[in-house]
file model-v9.pdb (PDB, C-alpha atoms, pLDDT in the B column)
ATOM      1  CA  VAL F   1      88.958 128.954  85.049  1.00 93.00           C
ATOM      2  CA  GLN F   2      86.778 129.949  87.984  1.00 96.00           C
ATOM      3  CA  LEU F   3      86.816 127.633  90.982  1.00 97.00           C
ATOM      4  CA  VAL F   4      84.361 127.336  93.859  1.00 97.00           C
ATOM      5  CA  GLU F   5      85.002 125.105  96.859  1.00 98.00           C
ATOM      6  CA  SER F   6      82.283 123.603  99.015  1.00 98.00           C
ATOM      7  CA  GLY F   7      81.860 120.953 101.665  1.00 98.00           C
ATOM      8  CA  GLY F   8      83.750 122.516 104.525  1.00 97.00           C
ATOM      9  CA  GLY F   9      82.364 122.719 108.020  1.00 98.00           C
ATOM     10  CA  LEU F  10      82.741 121.616 111.606  1.00 98.00           C
ATOM     11  CA  VAL F  11      83.531 117.980 112.355  1.00 98.00           C
ATOM     12  CA  GLN F  12      84.738 116.047 115.361  1.00 98.00           C
ATOM     13  CA  ALA F  13      88.178 114.502 115.441  1.00 98.00           C
ATOM     14  CA  GLY F  14      88.150 111.158 113.688  1.00 98.00           C
ATOM     15  CA  GLY F  15      85.365 112.227 111.377  1.00 98.00           C
ATOM     16  CA  SER F  16      85.264 112.734 107.636  1.00 98.00           C
ATOM     17  CA  LEU F  17      84.474 115.476 105.161  1.00 98.00           C
ATOM     18  CA  ARG F  18      84.356 115.597 101.407  1.00 98.00           C
ATOM     19  CA  LEU F  19      85.362 118.841  99.754  1.00 98.00           C
ATOM     20  CA  SER F  20      84.322 119.649  96.213  1.00 98.00           C
ATOM     21  CA  CYS F  21      85.819 122.136  93.804  1.00 98.00           C
ATOM     22  CA  ALA F  22      83.548 123.046  90.923  1.00 97.00           C
ATOM     23  CA  ALA F  23      85.008 124.749  87.887  1.00 97.00           C
ATOM     24  CA  SER F  24      83.248 127.033  85.488  1.00 92.00           C
ATOM     25  CA  GLY F  25      84.288 128.937  82.442  1.00 83.00           C
ATOM     26  CA  ARG F  26      85.968 126.038  80.696  1.00 84.00           C
ATOM     27  CA  THR F  27      86.650 122.356  80.962  1.00 90.00           C
ATOM     28  CA  ILE F  28      89.288 121.259  83.462  1.00 93.00           C
ATOM     29  CA  SER F  29      90.466 118.315  81.398  1.00 94.00           C
ATOM     30  CA  GLY F  30      93.605 120.208  80.425  1.00 94.00           C
ATOM     31  CA  TYR F  31      94.412 121.294  83.961  1.00 97.00           C
ATOM     32  CA  ALA F  32      96.367 119.774  86.782  1.00 97.00           C
ATOM     33  CA  MET F  33      94.565 120.421  90.052  1.00 98.00           C
ATOM     34  CA  GLY F  34      95.671 120.781  93.638  1.00 98.00           C
ATOM     35  CA  TRP F  35      94.271 121.155  97.121  1.00 98.00           C
ATOM     36  CA  PHE F  36      95.997 123.444  99.599  1.00 98.00           C
ATOM     37  CA  ARG F  37      95.264 124.672 103.079  1.00 98.00           C
ATOM     38  CA  GLN F  38      96.322 127.684 105.086  1.00 98.00           C
ATOM     39  CA  THR F  39      96.187 128.746 108.711  1.00 97.00           C
ATOM     40  CA  PRO F  40      96.846 132.265 110.007  1.00 95.00           C
ATOM     41  CA  GLY F  41     100.494 133.181 109.954  1.00 95.00           C
ATOM     42  CA  LYS F  42     101.531 130.172 107.901  1.00 95.00           C
ATOM     43  CA  GLU F  43     102.276 129.622 104.248  1.00 95.00           C
ATOM     44  CA  ARG F  44      99.790 127.879 102.030  1.00 96.00           C
ATOM     45  CA  GLU F  45     100.481 124.145 102.244  1.00 96.00           C
ATOM     46  CA  LEU F  46     100.023 121.708  99.367  1.00 97.00           C
ATOM     47  CA  LEU F  47      98.004 118.691 100.451  1.00 98.00           C
ATOM     48  CA  ALA F  48      97.406 116.817  97.234  1.00 98.00           C
ATOM     49  CA  SER F  49      97.789 117.218  93.515  1.00 98.00           C
ATOM     50  CA  ILE F  50      96.316 115.321  90.596  1.00 98.00           C
ATOM     51  CA  SER F  51      97.265 115.185  86.949  1.00 97.00           C
ATOM     52  CA  ARG F  52      94.814 116.219  84.267  1.00 95.00           C
ATOM     53  CA  SER F  53      94.062 112.590  83.446  1.00 93.00           C
ATOM     54  CA  GLY F  54      93.680 111.653  87.101  1.00 94.00           C
ATOM     55  CA  GLY F  55      96.242 108.929  86.673  1.00 95.00           C
ATOM     56  CA  SER F  56      98.959 110.531  88.780  1.00 96.00           C
ATOM     57  CA  THR F  57      98.568 111.885  92.267  1.00 97.00           C
ATOM     58  CA  TYR F  58     100.748 113.320  94.996  1.00 98.00           C
ATOM     59  CA  TYR F  59     100.072 113.595  98.725  1.00 98.00           C
ATOM     60  CA  ALA F  60     101.872 115.494 101.419  1.00 98.00           C
ATOM     61  CA  ASP F  61     103.142 113.311 104.230  1.00 97.00           C
ATOM     62  CA  SER F  62     100.795 115.071 106.633  1.00 97.00           C
ATOM     63  CA  VAL F  63      97.718 113.695 104.853  1.00 98.00           C
ATOM     64  CA  LYS F  64      98.963 110.550 103.135  1.00 98.00           C
ATOM     65  CA  GLY F  65      96.703 107.629 103.923  1.00 98.00           C
ATOM     66  CA  ARG F  66      93.933 109.904 105.240  1.00 98.00           C
ATOM     67  CA  PHE F  67      93.045 112.168 102.303  1.00 98.00           C
ATOM     68  CA  THR F  68      92.167 111.184  98.743  1.00 98.00           C
ATOM     69  CA  ILE F  69      92.095 113.483  95.741  1.00 98.00           C
ATOM     70  CA  SER F  70      90.001 112.612  92.715  1.00 98.00           C
ATOM     71  CA  ARG F  71      88.452 114.316  89.738  1.00 98.00           C
ATOM     72  CA  ASP F  72      85.521 114.012  87.391  1.00 97.00           C
ATOM     73  CA  ASN F  73      86.371 115.979  84.277  1.00 96.00           C
ATOM     74  CA  ALA F  74      82.893 115.503  82.828  1.00 95.00           C
ATOM     75  CA  LYS F  75      81.447 117.209  85.901  1.00 96.00           C
ATOM     76  CA  ARG F  76      84.291 119.765  86.012  1.00 97.00           C
ATOM     77  CA  THR F  77      84.794 118.886  89.649  1.00 97.00           C
ATOM     78  CA  VAL F  78      87.710 117.878  91.831  1.00 98.00           C
ATOM     79  CA  TYR F  79      87.219 116.259  95.213  1.00 98.00           C
ATOM     80  CA  LEU F  80      89.175 115.885  98.405  1.00 98.00           C
ATOM     81  CA  GLU F  81      87.942 113.077 100.617  1.00 98.00           C
ATOM     82  CA  MET F  82      89.238 113.629 104.140  1.00 98.00           C
ATOM     83  CA  ASP F  83      89.110 110.832 106.705  1.00 98.00           C
ATOM     84  CA  SER F  84      90.464 110.457 110.239  1.00 98.00           C
ATOM     85  CA  LEU F  85      90.445 114.207 110.657  1.00 98.00           C
ATOM     86  CA  ARG F  86      92.537 115.754 113.396  1.00 98.00           C
ATOM     87  CA  PRO F  87      92.344 119.129 115.136  1.00 98.00           C
ATOM     88  CA  GLU F  88      95.543 120.135 113.344  1.00 97.00           C
ATOM     89  CA  ASP F  89      93.688 119.775 110.038  1.00 98.00           C
ATOM     90  CA  THR F  90      91.732 122.902 110.919  1.00 98.00           C
ATOM     91  CA  ALA F  91      92.381 125.457 108.176  1.00 98.00           C
ATOM     92  CA  VAL F  92      90.954 127.201 105.152  1.00 98.00           C
ATOM     93  CA  TYR F  93      91.111 124.783 102.237  1.00 98.00           C
ATOM     94  CA  TYR F  94      91.681 125.974  98.687  1.00 98.00           C
ATOM     95  CA  CYS F  95      91.613 124.280  95.332  1.00 98.00           C
ATOM     96  CA  ALA F  96      93.807 125.449  92.497  1.00 98.00           C
ATOM     97  CA  ALA F  97      94.215 124.781  88.806  1.00 97.00           C
ATOM     98  CA  THR F  98      96.893 125.232  86.218  1.00 96.00           C
ATOM     99  CA  PRO F  99      97.284 124.134  82.587  1.00 95.00           C
ATOM    100  CA  ALA F 100      99.304 120.922  82.469  1.00 93.00           C
ATOM    101  CA  VAL F 101     101.911 120.304  79.806  1.00 88.00           C
ATOM    102  CA  SER F 102     101.097 116.598  79.631  1.00 88.00           C
ATOM    103  CA  SER F 103      98.574 114.125  80.979  1.00 87.00           C
ATOM    104  CA  GLY F 104     100.732 112.718  83.757  1.00 88.00           C
ATOM    105  CA  VAL F 105     102.058 115.938  85.236  1.00 91.00           C
ATOM    106  CA  TYR F 106     101.107 117.405  88.592  1.00 92.00           C
ATOM    107  CA  TYR F 107     102.540 120.427  90.368  1.00 94.00           C
ATOM    108  CA  LEU F 108     103.783 120.845  93.903  1.00 93.00           C
ATOM    109  CA  ARG F 109     104.327 124.574  94.325  1.00 95.00           C
ATOM    110  CA  ALA F 110     101.623 127.127  94.989  1.00 94.00           C
ATOM    111  CA  ASN F 111     103.172 129.538  92.509  1.00 95.00           C
ATOM    112  CA  SER F 112     102.763 126.929  89.770  1.00 95.00           C
ATOM    113  CA  TYR F 113      98.984 127.344  89.931  1.00 97.00           C
ATOM    114  CA  ASN F 114      97.218 130.082  88.001  1.00 96.00           C
ATOM    115  CA  ASP F 115      93.670 129.892  89.296  1.00 97.00           C
ATOM    116  CA  TRP F 116      92.392 129.646  92.865  1.00 98.00           C
ATOM    117  CA  GLY F 117      89.079 129.271  94.619  1.00 98.00           C
ATOM    118  CA  GLN F 118      87.958 131.455  97.482  1.00 97.00           C
ATOM    119  CA  GLY F 119      88.489 128.765 100.099  1.00 98.00           C
ATOM    120  CA  THR F 120      86.292 126.807 102.470  1.00 98.00           C
ATOM    121  CA  GLN F 121      86.761 126.582 106.231  1.00 98.00           C
ATOM    122  CA  VAL F 122      87.338 123.206 107.841  1.00 98.00           C
ATOM    123  CA  THR F 123      87.263 123.054 111.611  1.00 98.00           C
ATOM    124  CA  VAL F 124      88.039 119.845 113.492  1.00 98.00           C
ATOM    125  CA  SER F 125      87.116 119.798 117.161  1.00 98.00           C
ATOM    126  CA  SER F 126      88.860 117.625 119.709  1.00 94.00           C
TER     127      SER F 126
END
call {"tool": "encode", "arguments": {"input": "model-v9.pdb", "output": "structure tokens"}}
result
Amino acid sequence: VQLVESGGGLVQAGGSLRLSCAASGRTISGYAMGWFRQTPGKERELLASISRSGGSTYYADSVKGRFTISRDNAKRTVYLEMDSLRPEDTAVYYCAATPAVSSGVYYLRANSYNDWGQGTQVTVSS
């Protein structure tokens, strides 16, 4: 599945952004989805993951309570709502997809995901 992220940009600390990840090529209803971010010199960090049904989610401690992952399988789109942004949230944000073995499964490791978007830059100014 091909993935394209959008919605990144420059925002002041305390602000909000909503990232979208649009899939093409096939439906995402059979895929678990994840949002990651990466800064230069660091490993790609999982932020949130969602099961193919949307009923199960996972959040990294660094974003828990501030970020919300959701999906609309009919629109083939996954979202990451980001609130209370901080300068340390500055990074390139990626969405990823992988076939899920069951409806409630999500994945935590980057190497569990087969398909990746090209990334979108998020910059949070202080």
call {"tool": "atom_distance", "arguments": {"input": "model-v9.pdb", "atom1": "CA of Met82 in chain F", "atom2": "CA of Ile28 in chain F"}}
result
22.0 Å
call {"tool": "atom_distance", "arguments": {"input": "model-v9.pdb", "atom1": "CA of Tyr58 in chain F", "atom2": "CA of Trp35 in chain F"}}
result
10.4 Å
call {"tool": "resolve_selection", "arguments": {"input": "model-v9.pdb", "expression": "the PyMOL selection byres ((chain F and resi 91-99) around 6)", "output": "list in words"}}
result
Gly30, Tyr31, Ala32, Met33, Gly34, Trp35, Phe36, Arg37, Gln38, Thr39, Thr90, Ala100, Tyr113, Asn114, Asp115, Trp116, Gly117, Gly119, Thr120, Gln121 and Val122 of chain F
call {"tool": "residues_near_point", "arguments": {"input": "model-v9.pdb", "point": "(98.7, 113.7, 80.8)", "cutoff": "9 Å", "atoms": "all atoms listed in the file", "output": "PyMOL selection string"}}
result
chain F and resi 30+32+51-56+100-106
call {"tool": "resolve_selection", "arguments": {"input": "model-v9.pdb", "expression": "the PyMOL selection byres ((chain F and resi 87) around 9)", "output": "list in words"}}
result
Gln12, Ala13, Leu85, Arg86, Glu88, Asp89, Thr90, Thr123, Val124, Ser125 and Ser126 of chain F
call {"tool": "atom_distance", "arguments": {"input": "model-v9.pdb", "atom1": "CA of Gln118 in chain F", "atom2": "CA of Lys42 in chain F"}}
result
17.2 Å
call {"tool": "closest_residue", "arguments": {"input": "model-v9.pdb", "among": "F:Arg71, F:Ile50, F:Leu80, F:Arg66", "to": "Gly14 in chain F", "atoms": "all atoms listed in the file"}}
result
F:Arg66
call {"tool": "closest_residue", "arguments": {"input": "model-v9.pdb", "among": "F:Leu46, F:Ala23, F:Ala60, F:Ala74", "to": "Ser112 in chain F", "atoms": "all atoms listed in the file"}}
result
F:Leu46
call {"tool": "resolve_selection", "arguments": {"input": "model-v9.pdb", "expression": "the PyMOL selection byres ((chain F and resi 19-22) around 6)", "output": "ChimeraX atom specification"}}
result
/F:3-7,18,23,76-80
call {"tool": "axis_aligned_box", "arguments": {"input": "model-v9.pdb", "around": "range 88-104 of chain F", "padding_each_side": "4 Å", "output": "JSON"}}
result
{"center_x": 96.4, "center_y": 120.0, "center_z": 96.5, "size_x": 19.0, "size_y": 22.5, "size_z": 41.7}
call {"tool": "closest_residue", "arguments": {"input": "model-v9.pdb", "among": "F:Ser24, F:Gly8, F:Ser49, F:Ile69", "to": "Glu81 in chain F", "atoms": "all atoms listed in the file"}}
result
F:Ile69
call {"tool": "closest_residue", "arguments": {"input": "model-v9.pdb", "among": "F:Lys75, F:Tyr107, F:Ser29, F:Leu47", "to": "Tyr59 in chain F", "atoms": "all atoms listed in the file"}}
result
F:Leu47
